[in-house]
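One structure is given here, and the rest of the page talks about it.
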Amino acid sequence: MFSKFQHIFQTTLVKTRRVHKQLRRSNEGSAAVEFVFVAPVLIFLYIGLYEVSIAFTVNGTINNSSEIAASFSTFEESLDEVNLANIMTASTAVLDYPNFDIENLSIDVYSVEQTGATANTRRIVGQASYEGSRANNIAPDLALSDFQSQLSSLSAGNGFVVAQVAYLYEPSISSRFVQTVTLLDRKTLNPRENQGSALIVTTSTGQERAILDCTPDDRRAFSCTSIGQYPETQ
C-alpha cells in the first residue's frame, strides 16, 4: 500500500518538474504581462501629449486672432460700430478647435494718439471690447500708462492701434498635465491708410472717442453698441 502511494507521489513529482522546466523555457504570456505594466504609463503619456499639443495650438490661434484684429483695424481711416463688429467677427473666426468656448474669450481693440509734443496731449481715442461670461478680469484694462513706451517714440498727430486677445484655456481631458491658464497676446500696429495718424472710433450718430461693447450671436457674428466715450482731455 505504501509503495503504491510512493509511486503516485514520485510520478506526480516528476510530471511537476517536467512542467516547471517547460514553463521556464517558454516565453508565452510574457508579452501580455509586460503590456499590463507598460500600458498605463503609455496611456498617461499620450493623454499628456494631447493636452499639451492642444494648449500650444490654442496659444497659436490666440496670436493669430490678435494679429487679425490689429491688422484689420489699420486699414481704415476711422472705425465705427460696423467696422469693429466685422473686425471682432474676423478675429474670432480663426479660433476654431475642439472644445472652444467663446464665453472664455476676451477681445479689446484700442486706438491711441498723441496730438502734441507733450505727455498731456496723449489720449485714447476709442475702444471696442468683448468679454465672455467666464472671462471676467482675465485681461487687464489698458490705460495710457500702459502705452508709454510706444507713445514716447511718436511725433505729434500720430497714433497706433492695440489689439489684445485673452482666452481662459481649460484642459479637455485632465488637469494633471495642463492647468487652467490664461493665454494672452497683444499686438501694436501703426495705421496704414492715414499714414500713422490715430484712428478715431466713431459711431453712426457721429459720436467720437467712443467706447463700444460688442457681443456675438449664435453664429459668432458680432454687433457693437456705444456705452460711452473717452474725454477730450485724459
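Convention: chains lettered A, B, ... in C-alpha cells order; per-chain residue numbering from 1; ligands numbered from 1 as shown.
By only C-alpha atoms, and with residues fewer than 3 positions from Glu51 in chain A along its chain excluded, the set lying at most 8 Å from it is Ile47, Gly48, Ile54, Ala55, Pro171, Ser172, Ile173, Ser174, Phe177 and Val178 of chain A.
Between CA of Phe147 in chain A and CA of Ser66 in chain A the interatomic distance comes to 16.9 Å.
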Handout entry: Selection near Val58 in chain A, 8 Å with only C-alpha atoms, sequence-local residues under 6 positions removed, as an MDAnalysis selection string
Key = chainID A and resid 95 97 169
Expected file contents, prior selection, N, CA and C atoms, as a short mmCIF file (atom, residue, chain, number, x, y, z; two decimals), in the first residue's frame:
```cif
data_model
loop_
_atom_site.label_atom_id
_atom_site.label_comp_id
_atom_site.auth_asym_id
_atom_site.auth_seq_id
_atom_site.Cartn_x
_atom_site.Cartn_y
_atom_site.Cartn_z
N LEU A 95 -10.43 81.07 -34.35
CA LEU A 95 -10.45 80.32 -33.09
C LEU A 95 -11.39 79.13 -33.24
N TYR A 97 -11.27 75.20 -32.86
CA TYR A 97 -10.64 73.95 -32.45
C TYR A 97 -11.58 73.25 -31.47
N TYR A 169 -7.99 79.09 -21.00
CA TYR A 169 -7.88 77.72 -21.52
C TYR A 169 -8.12 76.72 -20.40
#
```
Fill in the blank from the handout: Across A:Thr180, A:Val82, A:Ala166, A:Arg123, the smallest distance to Val52 in chain A, with only C-alpha atoms counted, is shown by A:Thr180
Problem - Distance in Å - CA of Phe160 in chain A versus CA of Leu144 in chain A - result: 12.3 Å
